[in-house]
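Undergrad: Next up, upload-v3.pdb (PDB, C-alpha atoms and all ligand atoms).
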```pdb
MODEL        1
ATOM      1  CA  MET A 265       6.305 -60.851  18.404
ATOM      2  CA  GLN A 266       5.720 -57.429  19.915
ATOM      3  CA  GLU A 267       2.333 -57.040  21.600
ATOM      4  CA  THR A 268       0.141 -54.234  20.425
ATOM      5  CA  THR A 269      -2.402 -52.383  22.541
ATOM      6  CA  VAL A 270      -6.046 -52.577  21.490
ATOM      7  CA  GLU A 271      -8.727 -50.564  23.279
ATOM      8  CA  TRP A 272     -12.477 -50.601  22.855
ATOM      9  CA  VAL A 273     -15.699 -49.244  24.224
ATOM     10  CA  VAL A 274     -19.345 -49.928  23.385
ATOM     11  CA  VAL A 275     -21.595 -46.897  22.929
ATOM     12  CA  SER A 276     -25.333 -46.649  22.243
ATOM     13  CA  GLY A 277     -25.574 -50.141  23.685
ATOM     14  CA  LYS A 278     -24.343 -51.847  20.547
ATOM     15  CA  VAL A 279     -21.605 -50.109  18.538
ATOM     16  CA  ALA A 280     -18.034 -50.945  19.502
ATOM     17  CA  ILE A 281     -15.306 -48.379  18.880
ATOM     18  CA  ILE A 282     -12.026 -50.278  18.548
ATOM     19  CA  SER A 283      -8.629 -48.630  18.355
ATOM     20  CA  ARG A 284      -5.009 -49.644  18.236
ATOM     21  CA  GLU A 285      -1.666 -48.049  18.925
ATOM     22  CA  SER A 286      -1.314 -46.594  15.436
ATOM     23  CA  GLY A 287      -4.273 -44.349  16.339
ATOM     24  CA  GLU A 288      -6.559 -46.039  13.806
ATOM     25  CA  CYS A 289     -10.085 -46.915  14.889
ATOM     26  CA  TRP A 290     -13.017 -48.956  13.635
ATOM     27  CA  PHE A 291     -16.717 -49.140  14.394
ATOM     28  CA  LEU A 292     -18.477 -52.489  14.654
ATOM     29  CA  ASP A 293     -22.208 -52.981  15.064
ATOM     30  CA  LEU A 294     -22.185 -55.855  17.554
ATOM     31  CA  ASP A 295     -25.733 -56.841  16.560
ATOM     32  CA  ASN A 296     -24.192 -58.315  13.426
ATOM     33  CA  TYR A 297     -21.832 -60.662  15.310
ATOM     34  CA  GLU A 298     -23.917 -62.516  17.929
ATOM     35  CA  ASN A 299     -21.283 -62.431  20.708
ATOM     36  CA  SER A 300     -18.646 -64.006  18.444
ATOM     37  CA  LEU A 301     -16.329 -61.036  19.144
ATOM     38  CA  PRO A 302     -14.678 -60.158  22.465
ATOM     39  CA  PHE A 303     -15.746 -56.491  22.320
ATOM     40  CA  SER A 304     -19.065 -56.874  24.147
ATOM     41  CA  THR A 305     -17.050 -57.529  27.335
ATOM     42  CA  PRO A 306     -15.507 -54.333  28.762
ATOM     43  CA  MET A 307     -11.766 -53.943  28.120
ATOM     44  CA  THR A 308      -9.516 -54.418  31.150
ATOM     45  CA  GLY A 309      -5.997 -53.855  29.778
ATOM     46  CA  LYS A 310      -3.712 -50.836  29.851
ATOM     47  CA  GLY A 311      -3.989 -47.921  27.481
ATOM     48  CA  SER A 312      -1.325 -46.437  25.244
ATOM     49  CA  HIS A 313      -1.013 -42.928  23.862
ATOM     50  CA  GLY A 314      -1.951 -44.004  20.313
ATOM     51  CA  SER A 315      -4.810 -46.369  21.115
ATOM     52  CA  THR A 316      -6.346 -44.024  23.693
ATOM     53  CA  ALA A 317      -6.199 -41.133  21.223
ATOM     54  CA  GLY A 318      -7.778 -43.438  18.610
ATOM     55  CA  LEU A 319     -10.549 -44.414  21.018
ATOM     56  CA  LEU A 320     -11.378 -40.816  21.986
ATOM     57  CA  ASN A 321     -11.188 -39.512  18.421
ATOM     58  CA  GLY A 322     -13.326 -42.452  17.261
ATOM     59  CA  ALA A 323     -15.897 -41.496  19.913
ATOM     60  CA  ILE A 324     -15.946 -37.944  18.496
ATOM     61  CA  ALA A 325     -16.350 -39.154  14.905
ATOM     62  CA  LEU A 326     -19.132 -41.595  15.784
ATOM     63  CA  GLY A 327     -20.935 -39.079  18.023
ATOM     64  CA  LEU A 328     -20.878 -36.477  15.260
ATOM     65  CA  GLY A 329     -22.504 -39.032  12.983
ATOM     66  CA  GLY A 330     -19.877 -38.759  10.261
ATOM     67  CA  ASP A 331     -20.173 -34.978   9.996
ATOM     68  CA  ALA A 332     -16.637 -34.023  11.022
ATOM     69  CA  SER A 333     -17.119 -30.531   9.562
ATOM     70  CA  VAL A 334     -18.866 -29.624  12.856
ATOM     71  CA  LEU A 335     -15.493 -29.935  14.551
ATOM     72  CA  GLN A 336     -13.812 -27.122  12.711
ATOM     73  CA  SER A 337     -16.913 -25.309  11.667
ATOM     74  CA  CYS A 338     -16.685 -21.651  12.423
ATOM     75  CA  ALA A 339     -19.416 -19.086  12.017
ATOM     76  CA  THR A 340     -19.943 -17.818   8.493
ATOM     77  CA  SER A 341     -21.812 -14.640   9.430
ATOM     78  CA  LEU A 342     -21.447 -12.052  12.188
ATOM     79  CA  PRO A 343     -24.725 -12.847  13.995
ATOM     80  CA  GLU A 344     -23.783 -16.525  14.018
ATOM     81  CA  TYR A 345     -20.399 -15.612  15.477
ATOM     82  CA  VAL A 346     -22.020 -13.451  18.172
ATOM     83  CA  ILE A 347     -24.300 -16.335  19.167
ATOM     84  CA  ASP A 348     -21.314 -18.714  19.178
ATOM     85  CA  LEU A 349     -19.462 -16.325  21.507
ATOM     86  CA  VAL A 350     -22.436 -16.278  23.871
ATOM     87  CA  GLY A 351     -22.471 -20.096  23.782
ATOM     88  CA  SER A 352     -18.720 -20.234  24.427
ATOM     89  CA  TYR A 353     -19.207 -17.954  27.422
ATOM     90  CA  HIS A 354     -21.791 -20.303  28.955
ATOM     91  CA  ASN A 355     -19.747 -23.408  28.262
ATOM     92  CA  SER A 356     -16.422 -22.085  29.518
ATOM     93  CA  SER A 357     -17.909 -20.338  32.554
ATOM     94  CA  ARG A 358     -18.826 -23.770  33.985
ATOM     95  CA  THR A 359     -15.441 -25.436  33.601
ATOM     96  CA  VAL A 360     -13.757 -24.236  36.789
ATOM     97  CA  GLY A 361     -16.767 -24.876  39.061
ATOM     98  CA  ASN A 362     -17.530 -28.271  37.553
ATOM     99  CA  TYR A 363     -13.913 -29.421  37.630
ATOM    100  CA  LEU A 364     -13.427 -28.349  41.239
ATOM    101  CA  LYS A 365     -16.682 -30.037  42.259
ATOM    102  CA  ALA A 366     -15.532 -33.279  40.558
ATOM    103  CA  ALA A 367     -12.073 -32.887  42.158
ATOM    104  CA  ARG A 368     -13.627 -32.713  45.640
ATOM    105  CA  ARG A 369     -15.491 -35.945  44.921
ATOM    106  CA  PHE A 370     -12.274 -37.661  43.798
ATOM    107  CA  VAL A 371     -10.487 -36.497  46.951
ATOM    108  CA  ALA A 372     -13.328 -38.032  48.983
ATOM    109  CA  ILE A 373     -12.980 -41.382  47.222
ATOM    110  CA  ASP A 374      -9.185 -41.484  47.388
ATOM    111  CA  ARG A 375      -8.372 -40.752  43.777
ATOM    112  CA  ALA A 376      -5.869 -37.964  44.326
ATOM    113  CA  ASP A 377      -4.416 -38.571  40.830
ATOM    114  CA  ILE A 378      -7.644 -37.511  39.109
ATOM    115  CA  ALA A 379      -8.362 -34.767  41.666
ATOM    116  CA  SER A 380      -5.025 -33.066  41.078
ATOM    117  CA  TYR A 381      -5.390 -33.321  37.297
ATOM    118  CA  LEU A 382      -8.800 -31.612  37.540
ATOM    119  CA  GLU A 383      -7.496 -28.915  39.882
ATOM    120  CA  ARG A 384      -4.620 -28.143  37.506
ATOM    121  CA  HIS A 385      -6.951 -28.028  34.510
ATOM    122  CA  ALA A 386      -9.342 -25.751  36.420
ATOM    123  CA  ARG A 387      -6.446 -23.312  36.972
ATOM    124  CA  GLU A 388      -5.595 -23.375  33.245
ATOM    125  CA  GLU A 389      -9.191 -22.601  32.295
ATOM    126  CA  ASN A 390      -9.697 -19.906  34.896
ATOM    127  CA  GLY A 391     -11.130 -16.690  33.434
ATOM    128  CA  HIS A 392     -11.556 -17.967  29.868
ATOM    129  CA  GLU A 393     -15.201 -16.921  29.810
ATOM    130  CA  ARG A 394     -14.017 -13.333  30.224
ATOM    131  CA  LEU A 395     -12.320 -13.566  26.820
ATOM    132  CA  ALA A 396     -15.745 -14.170  25.246
ATOM    133  CA  LEU A 397     -17.162 -11.170  27.158
ATOM    134  CA  ARG A 398     -14.324  -8.967  25.935
ATOM    135  CA  ASP A 399     -14.947 -10.090  22.335
ATOM    136  CA  LEU A 400     -18.633  -9.199  22.640
ATOM    137  CA  GLY A 401     -17.655  -5.858  24.166
ATOM    138  CA  ALA A 402     -15.212  -5.211  21.291
ATOM    139  CA  LEU A 403     -18.203  -5.541  18.948
ATOM    140  CA  ASN A 404     -19.906  -2.802  20.987
ATOM    141  CA  LEU A 405     -22.496  -5.255  22.306
ATOM    142  CA  PRO A 406     -23.787  -5.220  25.912
ATOM    143  CA  ALA A 407     -21.882  -8.390  26.796
ATOM    144  CA  GLU A 408     -23.108  -8.980  30.352
ATOM    145  CA  ARG A 409     -26.732  -8.413  29.416
ATOM    146  CA  LEU A 410     -26.489 -10.656  26.365
ATOM    147  CA  VAL A 411     -25.094 -13.638  28.242
ATOM    148  CA  ALA A 412     -27.545 -13.090  31.111
ATOM    149  CA  SER A 413     -30.565 -13.333  28.834
ATOM    150  CA  LEU A 414     -29.464 -15.585  25.977
ATOM    151  CA  VAL A 415     -28.605 -19.276  26.090
ATOM    152  CA  PRO A 416     -28.391 -20.425  22.472
ATOM    153  CA  GLU A 417     -30.243 -23.594  21.461
ATOM    154  CA  GLY A 418     -27.989 -26.563  21.819
ATOM    155  CA  VAL A 419     -25.844 -24.873  24.447
ATOM    156  CA  ALA A 420     -28.352 -25.492  27.261
ATOM    157  CA  ALA A 421     -28.268 -29.242  26.520
ATOM    158  CA  LEU A 422     -24.463 -29.173  26.582
ATOM    159  CA  CYS A 423     -24.340 -27.293  29.874
ATOM    160  CA  GLU A 424     -26.775 -29.801  31.397
ATOM    161  CA  LEU A 425     -24.615 -32.683  30.194
ATOM    162  CA  PHE A 426     -21.437 -31.093  31.613
ATOM    163  CA  ASP A 427     -23.162 -30.432  34.966
ATOM    164  CA  ARG A 428     -24.534 -33.978  35.119
ATOM    165  CA  LEU A 429     -21.189 -35.608  34.302
ATOM    166  CA  SER A 430     -19.390 -33.426  36.861
ATOM    167  CA  ALA A 431     -21.902 -34.020  39.664
ATOM    168  CA  SER A 432     -22.135 -37.813  39.362
ATOM    169  CA  GLY A 433     -20.881 -40.131  42.101
ATOM    170  CA  TYR A 434     -17.858 -40.998  39.948
ATOM    171  CA  PRO A 435     -17.445 -37.883  37.796
ATOM    172  CA  VAL A 436     -14.631 -38.998  35.476
ATOM    173  CA  GLY A 437     -16.863 -38.305  32.446
ATOM    174  CA  CYS A 438     -16.290 -34.548  32.851
ATOM    175  CA  ILE A 439     -12.798 -35.161  31.424
ATOM    176  CA  GLY A 440     -14.392 -36.649  28.304
ATOM    177  CA  TYR A 441     -16.624 -33.601  27.970
ATOM    178  CA  SER A 442     -13.607 -31.307  27.994
ATOM    179  CA  TYR A 443     -11.669 -33.593  25.655
ATOM    180  CA  PHE A 444     -14.236 -32.938  22.943
ATOM    181  CA  PHE A 445     -13.823 -29.162  23.187
ATOM    182  CA  GLU A 446     -10.042 -29.147  23.655
ATOM    183  CA  SER A 447      -9.670 -31.444  20.668
ATOM    184  CA  SER A 448     -11.893 -29.293  18.435
ATOM    185  CA  ALA A 449     -10.021 -26.175  19.539
ATOM    186  CA  ALA A 450      -6.613 -27.729  18.809
ATOM    187  CA  LYS A 451      -7.723 -28.378  15.206
ATOM    188  CA  ARG A 452      -8.651 -24.742  14.613
ATOM    189  CA  GLN A 453      -5.991 -22.999  12.509
ATOM    190  CA  LYS A 454      -4.919 -19.371  12.099
ATOM    191  CA  ALA A 455      -6.933 -19.231   8.845
ATOM    192  CA  ASP A 456     -10.101 -20.150  10.793
ATOM    193  CA  VAL A 457      -9.464 -17.367  13.320
ATOM    194  CA  ASP A 458      -8.674 -14.887  10.509
ATOM    195  CA  ALA A 459     -11.958 -15.832   8.794
ATOM    196  CA  LEU A 460     -13.878 -14.976  11.976
ATOM    197  CA  GLN A 461     -11.993 -11.708  12.403
ATOM    198  CA  ALA A 462     -12.919 -10.845   8.797
ATOM    199  CA  LEU A 463     -16.619 -11.049   9.759
ATOM    200  CA  CYS A 464     -16.106  -8.326  12.372
ATOM    201  CA  PRO A 465     -16.114  -4.572  11.807
ATOM    202  CA  THR A 466     -12.663  -3.187  10.960
ATOM    203  CA  GLY A 467     -10.592  -2.492  14.044
ATOM    204  CA  ALA A 468     -12.724  -4.564  16.450
ATOM    205  CA  ASP A 469     -10.415  -7.064  18.151
ATOM    206  CA  ALA A 470     -13.104  -9.667  18.728
ATOM    207  CA  THR A 471     -11.317 -13.016  18.417
ATOM    208  CA  ARG A 472      -9.533 -13.295  21.773
ATOM    209  CA  PHE A 473     -11.546 -16.359  22.797
ATOM    210  CA  MET A 474     -10.928 -18.157  19.504
ATOM    211  CA  ARG A 475      -7.215 -17.331  19.488
ATOM    212  CA  ALA A 476      -6.857 -18.850  22.957
ATOM    213  CA  HIS A 477      -8.956 -21.866  21.878
ATOM    214  CA  SER A 478      -7.132 -22.756  18.697
ATOM    215  CA  SER A 479      -3.775 -24.126  17.623
ATOM    216  CA  LEU A 480      -2.483 -20.550  18.154
ATOM    217  CA  GLY A 481      -3.044 -20.891  21.908
ATOM    218  CA  SER A 482      -2.039 -23.722  24.231
ATOM    219  CA  GLU A 483      -4.695 -26.241  23.138
ATOM    220  CA  VAL A 484      -2.294 -28.478  21.200
ATOM    221  CA  ASP A 485      -0.212 -28.960  24.378
ATOM    222  CA  HIS A 486      -3.358 -29.382  26.473
ATOM    223  CA  ILE A 487      -4.668 -32.159  24.254
ATOM    224  CA  LYS A 488      -1.334 -34.014  24.294
ATOM    225  CA  GLU A 489      -1.224 -33.809  28.059
ATOM    226  CA  MET A 490      -4.837 -34.883  28.313
ATOM    227  CA  ILE A 491      -4.277 -38.004  26.168
ATOM    228  CA  ARG A 492      -1.165 -38.901  28.185
ATOM    229  CA  PHE A 493      -3.153 -38.607  31.404
ATOM    230  CA  ILE A 494      -6.196 -40.562  30.162
ATOM    231  CA  ALA A 495      -4.013 -43.325  28.641
ATOM    232  CA  GLY A 496      -2.512 -43.937  32.095
ATOM    233  CA  LEU A 497      -5.900 -44.404  33.799
ATOM    234  CA  PRO A 498      -7.481 -47.813  34.482
ATOM    235  CA  ALA A 499      -9.602 -49.309  31.695
ATOM    236  CA  SER A 500     -12.882 -48.631  33.534
ATOM    237  CA  ASP A 501     -12.049 -44.894  33.633
ATOM    238  CA  ARG A 502     -11.054 -44.816  29.960
ATOM    239  CA  ILE A 503     -14.369 -46.477  29.102
ATOM    240  CA  GLU A 504     -16.375 -43.837  31.012
ATOM    241  CA  ILE A 505     -14.355 -41.014  29.476
ATOM    242  CA  ALA A 506     -14.810 -42.344  25.920
ATOM    243  CA  LYS A 507     -18.566 -42.718  26.511
ATOM    244  CA  ALA A 508     -18.735 -39.096  27.710
ATOM    245  CA  VAL A 509     -16.785 -37.946  24.627
ATOM    246  CA  TYR A 510     -19.326 -39.766  22.440
ATOM    247  CA  GLU A 511     -22.292 -38.246  24.297
ATOM    248  CA  THR A 512     -20.783 -34.753  24.068
ATOM    249  CA  ALA A 513     -20.160 -35.111  20.321
ATOM    250  CA  ALA A 514     -23.712 -36.399  19.765
ATOM    251  CA  THR A 515     -25.130 -33.443  21.759
ATOM    252  CA  VAL A 516     -23.015 -30.959  19.775
ATOM    253  CA  ALA A 517     -24.165 -32.514  16.486
ATOM    254  CA  LYS A 518     -27.799 -32.226  17.544
ATOM    255  CA  GLY A 519     -27.323 -28.545  18.502
ATOM    256  CA  SER A 520     -25.574 -27.684  15.253
ATOM    257  CA  ARG A 521     -28.457 -29.107  13.200
ATOM    258  CA  HIS A 522     -30.705 -26.643  15.055
ATOM    259  CA  LYS A 523     -28.392 -23.720  14.367
ATOM    260  CA  SER A 524     -28.114 -24.325  10.653
ATOM    261  CA  ARG A 525     -31.848 -23.761  10.183
ATOM    262  CA  LYS A 526     -31.761 -20.076  11.278
ATOM    263  CA  SER A 527     -31.387 -17.089   8.949
ATOM    264  CA  ASP A 528     -29.082 -14.153   9.747
ATOM    265  CA  ALA A 529     -32.126 -11.893  10.195
ATOM    266  CA  ALA A 530     -33.634 -14.317  12.732
ATOM    267  CA  MET A 531     -30.320 -14.441  14.607
ATOM    268  CA  TRP A 532     -30.052 -10.618  14.725
ATOM    269  CA  ASP A 533     -33.599 -10.524  16.106
ATOM    270  CA  GLN A 534     -32.632 -13.013  18.789
ATOM    271  CA  ILE A 535     -29.571 -10.912  19.698
ATOM    272  CA  ARG A 536     -31.565  -7.657  19.734
ATOM    273  CA  VAL A 537     -34.229  -9.104  22.033
ATOM    274  CA  ALA A 538     -31.570 -10.489  24.396
ATOM    275  CA  ALA A 539     -29.668  -7.184  24.393
ATOM    276  CA  GLY A 540     -32.898  -5.297  25.101
ATOM    277  CA  GLU A 541     -31.767  -2.432  22.864
ATOM    278  CA  GLU A 542     -30.953  -1.505  19.276
ATOM    279  CA  ILE A 543     -27.563  -2.773  18.233
ATOM    280  CA  ASN A 544     -24.896  -0.431  16.971
ATOM    281  CA  LEU A 545     -21.919  -2.556  16.078
ATOM    282  CA  ALA A 546     -18.408  -1.203  16.475
ATOM    283  CA  VAL A 547     -17.253   0.502  13.278
TER     284      VAL A 547
HETATM  285 FE    FE A 601     -10.674 -22.575  27.785
HETATM  286 FE    FE A 602      -7.315 -26.024  27.002
ENDMDL
END
```
Now that the file is in, can you turn its structure into C-alpha cells?
Ligand SMILES: [Fe+2]
Ligand SMILES: [Fe+2]
TA:
Amino acid sequence: MQETTVEWVVVSGKVAIISRESGECWFLDLDNYENSLPFSTPMTGKGSHGSTAGLLNGAIALGLGGDASVLQSCATSLPEYVIDLVGSYHNSSRTVGNYLKAARRFVAIDRADIASYLERHAREENGHERLALRDLGALNLPAERLVASLVPEGVAALCELFDRLSASGYPVGCIGYSYFFESSAAKRQKADVDALQALCPTGADATRFMRAHSSLGSEVDHIKEMIRFIAGLPASDRIEIAKAVYETAATVAKGSRHKSRKSDAAMWDQIRVAAGEEINLAV
C-alpha cells in the first residue's frame, strides 16, 4: 500500500492541526483524548506539497477563528481603504529589513538554504511599500505625512509580531508571517481590486498595491514556491512556521474586530488628524 504523508502541529498548547497529502486538514482538541493520540508528540517526518499546504492553511483557518471572510475582506468605504493602505505600507516596509536580518542569522548558524530563500524573497518584495504611497498620493493625500503619523490599530501588533519573529535566535517563523499575507493576497481576485477602485474618485489610479498583491500580480506563483520550499524543510522548521502562521492569523483577526467597530466619520477624523490638514480628495 502506498504511504501517505501526514503532518501535524499543536497550537495554543492543546489544539492539533492535522493535514494529509490531499490538502485536507482537521482540528483536534487534545484535551479530549488523554494522550491516546500520537499528535501531542512533535512530528518528525518529511513534508509533502499537499500536506504542508494543508497544515499552513489549517493554521490560517484556526487562527482566524472560523471567520475566513477576513482573508479576502476588502475595504467597503474609502476611509477604510485609506487606512488599509497606510497599514499595508507599514507591514510591507518591514519585509526587506526583517528578511535580511533573519537571513544574516541563518548564515551565522549554517543554514544557507533558508538564508538564500529569505534573500531572494527580500529582493522580490523590495519597494512594495512605495506602491501604497503612490496609491495614497493618487488620492491627493499627503502620503508621507500620513504614514509617519498614523499606525492603524491592529497593524502595530502585527508589526511587533513580525519584528519579534524575525529577530529571534532561530527566526524561521518570519516565513510563516509572510505566508499568511502572500496566501491572502493570492486569493484576491480582479473583482476585489475593481471593487476597491470603485470606491476611489474617478480617474485616481489608487490600486497599484492591491493589483500587485492579488492573483493579478505574482502572488499565486509566490505562494506555490513558498509551499514547495517549506515542504522541503525539516519537521521542526515546518512546526515553527505553522505556529507563526497561526499567531499571525490570530493577530489579524483581533485587529479586524477592532476595525469593524469604527464609523466612516470616525475614520475620516483619524485620517484628517494624521494628515494635519483638510483633505481634498482627487476628483
Ligand atoms: Fe509585497
Ligand atoms: Fe509575494
Undergrad: Could you tell me which of A:Ala470, A:Ala372, A:Leu319, A:Ile535 comes closest to Pro416 of chain A if we count only C-alpha atoms?
TA: A:Ile535
Undergrad: Could you list, with a cut-off of 10 Å and counting all atoms listed in the file, the residues of chain A near ligand FE 601 (chain A), each shown with its nearest atom pair and the distance in Å rounded to one decimal, rows sorted by chain and ascending number, as JSON lines?
TA:
```
{"residue": "A:Ser352", "atom": "CA", "partner": "A:FE601", "partner_atom": "FE", "distance": 9.0}
{"residue": "A:Tyr353", "atom": "CA", "partner": "A:FE601", "partner_atom": "FE", "distance": 9.7}
{"residue": "A:Asn355", "atom": "CA", "partner": "A:FE601", "partner_atom": "FE", "distance": 9.1}
{"residue": "A:Ser356", "atom": "CA", "partner": "A:FE601", "partner_atom": "FE", "distance": 6.0}
{"residue": "A:Ser357", "atom": "CA", "partner": "A:FE601", "partner_atom": "FE", "distance": 8.9}
{"residue": "A:Thr359", "atom": "CA", "partner": "A:FE601", "partner_atom": "FE", "distance": 8.0}
{"residue": "A:Val360", "atom": "CA", "partner": "A:FE601", "partner_atom": "FE", "distance": 9.7}
{"residue": "A:His385", "atom": "CA", "partner": "A:FE601", "partner_atom": "FE", "distance": 9.4}
{"residue": "A:Ala386", "atom": "CA", "partner": "A:FE601", "partner_atom": "FE", "distance": 9.3}
{"residue": "A:Glu388", "atom": "CA", "partner": "A:FE601", "partner_atom": "FE", "distance": 7.5}
{"residue": "A:Glu389", "atom": "CA", "partner": "A:FE601", "partner_atom": "FE", "distance": 4.7}
{"residue": "A:Asn390", "atom": "CA", "partner": "A:FE601", "partner_atom": "FE", "distance": 7.7}
{"residue": "A:Gly391", "atom": "CA", "partner": "A:FE601", "partner_atom": "FE", "distance": 8.2}
{"residue": "A:His392", "atom": "CA", "partner": "A:FE601", "partner_atom": "FE", "distance": 5.1}
{"residue": "A:Glu393", "atom": "CA", "partner": "A:FE601", "partner_atom": "FE", "distance": 7.5}
{"residue": "A:Leu395", "atom": "CA", "partner": "A:FE601", "partner_atom": "FE", "distance": 9.2}
{"residue": "A:Ser442", "atom": "CA", "partner": "A:FE601", "partner_atom": "FE", "distance": 9.2}
{"residue": "A:Phe445", "atom": "CA", "partner": "A:FE601", "partner_atom": "FE", "distance": 8.6}
{"residue": "A:Glu446", "atom": "CA", "partner": "A:FE601", "partner_atom": "FE", "distance": 7.8}
{"residue": "A:Ala449", "atom": "CA", "partner": "A:FE601", "partner_atom": "FE", "distance": 9.0}
{"residue": "A:Phe473", "atom": "CA", "partner": "A:FE601", "partner_atom": "FE", "distance": 8.0}
{"residue": "A:Met474", "atom": "CA", "partner": "A:FE601", "partner_atom": "FE", "distance": 9.4}
{"residue": "A:Ala476", "atom": "CA", "partner": "A:FE601", "partner_atom": "FE", "distance": 7.2}
{"residue": "A:His477", "atom": "CA", "partner": "A:FE601", "partner_atom": "FE", "distance": 6.2}
{"residue": "A:Ser478", "atom": "CA", "partner": "A:FE601", "partner_atom": "FE", "distance": 9.8}
{"residue": "A:Gly481", "atom": "CA", "partner": "A:FE601", "partner_atom": "FE", "distance": 9.8}
{"residue": "A:Ser482", "atom": "CA", "partner": "A:FE601", "partner_atom": "FE", "distance": 9.4}
{"residue": "A:Glu483", "atom": "CA", "partner": "A:FE601", "partner_atom": "FE", "distance": 8.4}
```
Undergrad: Grab the residues selected above and save them as a PDB file, keeping the file's coordinate frame with C-alpha atoms.
TA:
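Output saved as selection22.pdb:
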```pdb
ATOM      1  CA  SER A 352     -18.720 -20.234  24.427  1.00  0.00           C
ATOM      2  CA  TYR A 353     -19.207 -17.954  27.422  1.00  0.00           C
ATOM      3  CA  ASN A 355     -19.747 -23.408  28.262  1.00  0.00           C
ATOM      4  CA  SER A 356     -16.422 -22.085  29.518  1.00  0.00           C
ATOM      5  CA  SER A 357     -17.909 -20.338  32.554  1.00  0.00           C
ATOM      6  CA  THR A 359     -15.441 -25.436  33.601  1.00  0.00           C
ATOM      7  CA  VAL A 360     -13.757 -24.236  36.789  1.00  0.00           C
ATOM      8  CA  HIS A 385      -6.951 -28.028  34.510  1.00  0.00           C
ATOM      9  CA  ALA A 386      -9.342 -25.751  36.420  1.00  0.00           C
ATOM     10  CA  GLU A 388      -5.595 -23.375  33.245  1.00  0.00           C
ATOM     11  CA  GLU A 389      -9.191 -22.601  32.295  1.00  0.00           C
ATOM     12  CA  ASN A 390      -9.697 -19.906  34.896  1.00  0.00           C
ATOM     13  CA  GLY A 391     -11.130 -16.690  33.434  1.00  0.00           C
ATOM     14  CA  HIS A 392     -11.556 -17.967  29.868  1.00  0.00           C
ATOM     15  CA  GLU A 393     -15.201 -16.921  29.810  1.00  0.00           C
ATOM     16  CA  LEU A 395     -12.320 -13.566  26.820  1.00  0.00           C
ATOM     17  CA  SER A 442     -13.607 -31.307  27.994  1.00  0.00           C
ATOM     18  CA  PHE A 445     -13.823 -29.162  23.187  1.00  0.00           C
ATOM     19  CA  GLU A 446     -10.042 -29.147  23.655  1.00  0.00           C
ATOM     20  CA  ALA A 449     -10.021 -26.175  19.539  1.00  0.00           C
ATOM     21  CA  PHE A 473     -11.546 -16.359  22.797  1.00  0.00           C
ATOM     22  CA  MET A 474     -10.928 -18.157  19.504  1.00  0.00           C
ATOM     23  CA  ALA A 476      -6.857 -18.850  22.957  1.00  0.00           C
ATOM     24  CA  HIS A 477      -8.956 -21.866  21.878  1.00  0.00           C
ATOM     25  CA  SER A 478      -7.132 -22.756  18.697  1.00  0.00           C
ATOM     26  CA  GLY A 481      -3.044 -20.891  21.908  1.00  0.00           C
ATOM     27  CA  SER A 482      -2.039 -23.722  24.231  1.00  0.00           C
ATOM     28  CA  GLU A 483      -4.695 -26.241  23.138  1.00  0.00           C
TER      29      GLU A 483
END
```
Undergrad: May I have the residues within 6 Å of Ala402 of chain A as a PyMOL selection string, using only C-alpha atoms and disregarding those fewer than 2 positions away in the same chain?
TA: chain A and resi 399-400+404+468+470
Undergrad: Let me know the residues the PyMOL selection byres (((chain A and resi 307) around 9) and not hetatm) catches in the file above, as a list in words.
TA: Val270, Glu271, Trp272, Val273, Pro302, Phe303, Ser304, Thr305, Pro306, Thr308, Gly309, Lys310, Ala499, Ser500 and Ile503 of chain A
Undergrad: Restricting the calculation to only C-alpha atoms, which member of A:Arg384, A:Arg409, A:Arg284, A:Arg525 is positioned closest to Glu541 of chain A?
TA: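 With only C-alpha atoms as the atom set, the closest residue is A:Arg409.
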Undergrad: Could you give me, as a list in words, the residues within 10 Å of Glu511 of chain A, counting all atoms listed in the file and dropping anything in the same chain fewer than 5 positions from it?
TA: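 That gives Val275, Ser276, Ala323, Ile324, Leu326, Gly327, Leu328, Leu422, Leu425, Gly437, Gly440, Tyr441, Phe444, Ile505, Ala506, Val516 and Ala517 of chain A.
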Undergrad: Since we have the selection now, will you write its residues out, keeping C-alpha atoms, as a PDB file, keeping the file's coordinate frame?
TA:
```
ATOM      1  CA  VAL A 275     -21.595 -46.897  22.929  1.00  0.00           C
ATOM      2  CA  SER A 276     -25.333 -46.649  22.243  1.00  0.00           C
ATOM      3  CA  ALA A 323     -15.897 -41.496  19.913  1.00  0.00           C
ATOM      4  CA  ILE A 324     -15.946 -37.944  18.496  1.00  0.00           C
ATOM      5  CA  LEU A 326     -19.132 -41.595  15.784  1.00  0.00           C
ATOM      6  CA  GLY A 327     -20.935 -39.079  18.023  1.00  0.00           C
ATOM      7  CA  LEU A 328     -20.878 -36.477  15.260  1.00  0.00           C
ATOM      8  CA  LEU A 422     -24.463 -29.173  26.582  1.00  0.00           C
ATOM      9  CA  LEU A 425     -24.615 -32.683  30.194  1.00  0.00           C
ATOM     10  CA  GLY A 437     -16.863 -38.305  32.446  1.00  0.00           C
ATOM     11  CA  GLY A 440     -14.392 -36.649  28.304  1.00  0.00           C
ATOM     12  CA  TYR A 441     -16.624 -33.601  27.970  1.00  0.00           C
ATOM     13  CA  PHE A 444     -14.236 -32.938  22.943  1.00  0.00           C
ATOM     14  CA  ILE A 505     -14.355 -41.014  29.476  1.00  0.00           C
ATOM     15  CA  ALA A 506     -14.810 -42.344  25.920  1.00  0.00           C
ATOM     16  CA  VAL A 516     -23.015 -30.959  19.775  1.00  0.00           C
ATOM     17  CA  ALA A 517     -24.165 -32.514  16.486  1.00  0.00           C
TER      18      ALA A 517
END
```
Undergrad: Determine the nearest neighbour of ligand FE 602 (chain A) from the options A:Arg375, A:Arg521, A:Arg387, A:His354, counting only C-alpha atoms and all ligand atoms.
TA: A:Arg387
Undergrad: Find the distance between atom CA of Ile281 of chain A and atom CA of Asn296 of chain A and write it in Å to one decimal.
TA: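 If I compute the distance from atom CA of Ile281 of chain A to atom CA of Asn296 of chain A, I get 14.4 Å.
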Undergrad: Between A:Tyr297, A:Tyr443, A:Phe426, A:Tyr434, which is the closest to ligand FE 602 (chain A) once you count only C-alpha atoms and all ligand atoms?
TA: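 The shortest atom-to-atom distance to ligand FE 602 (chain A) comes from A:Tyr443.
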Undergrad: At what distance in Å, to one decimal, does atom CA of Lys523 of chain A lie from atom CA of Gly277 of chain A?
TA: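 Separation of atom CA of Gly277 of chain A and atom CA of Lys523 of chain A: 28.2 Å.
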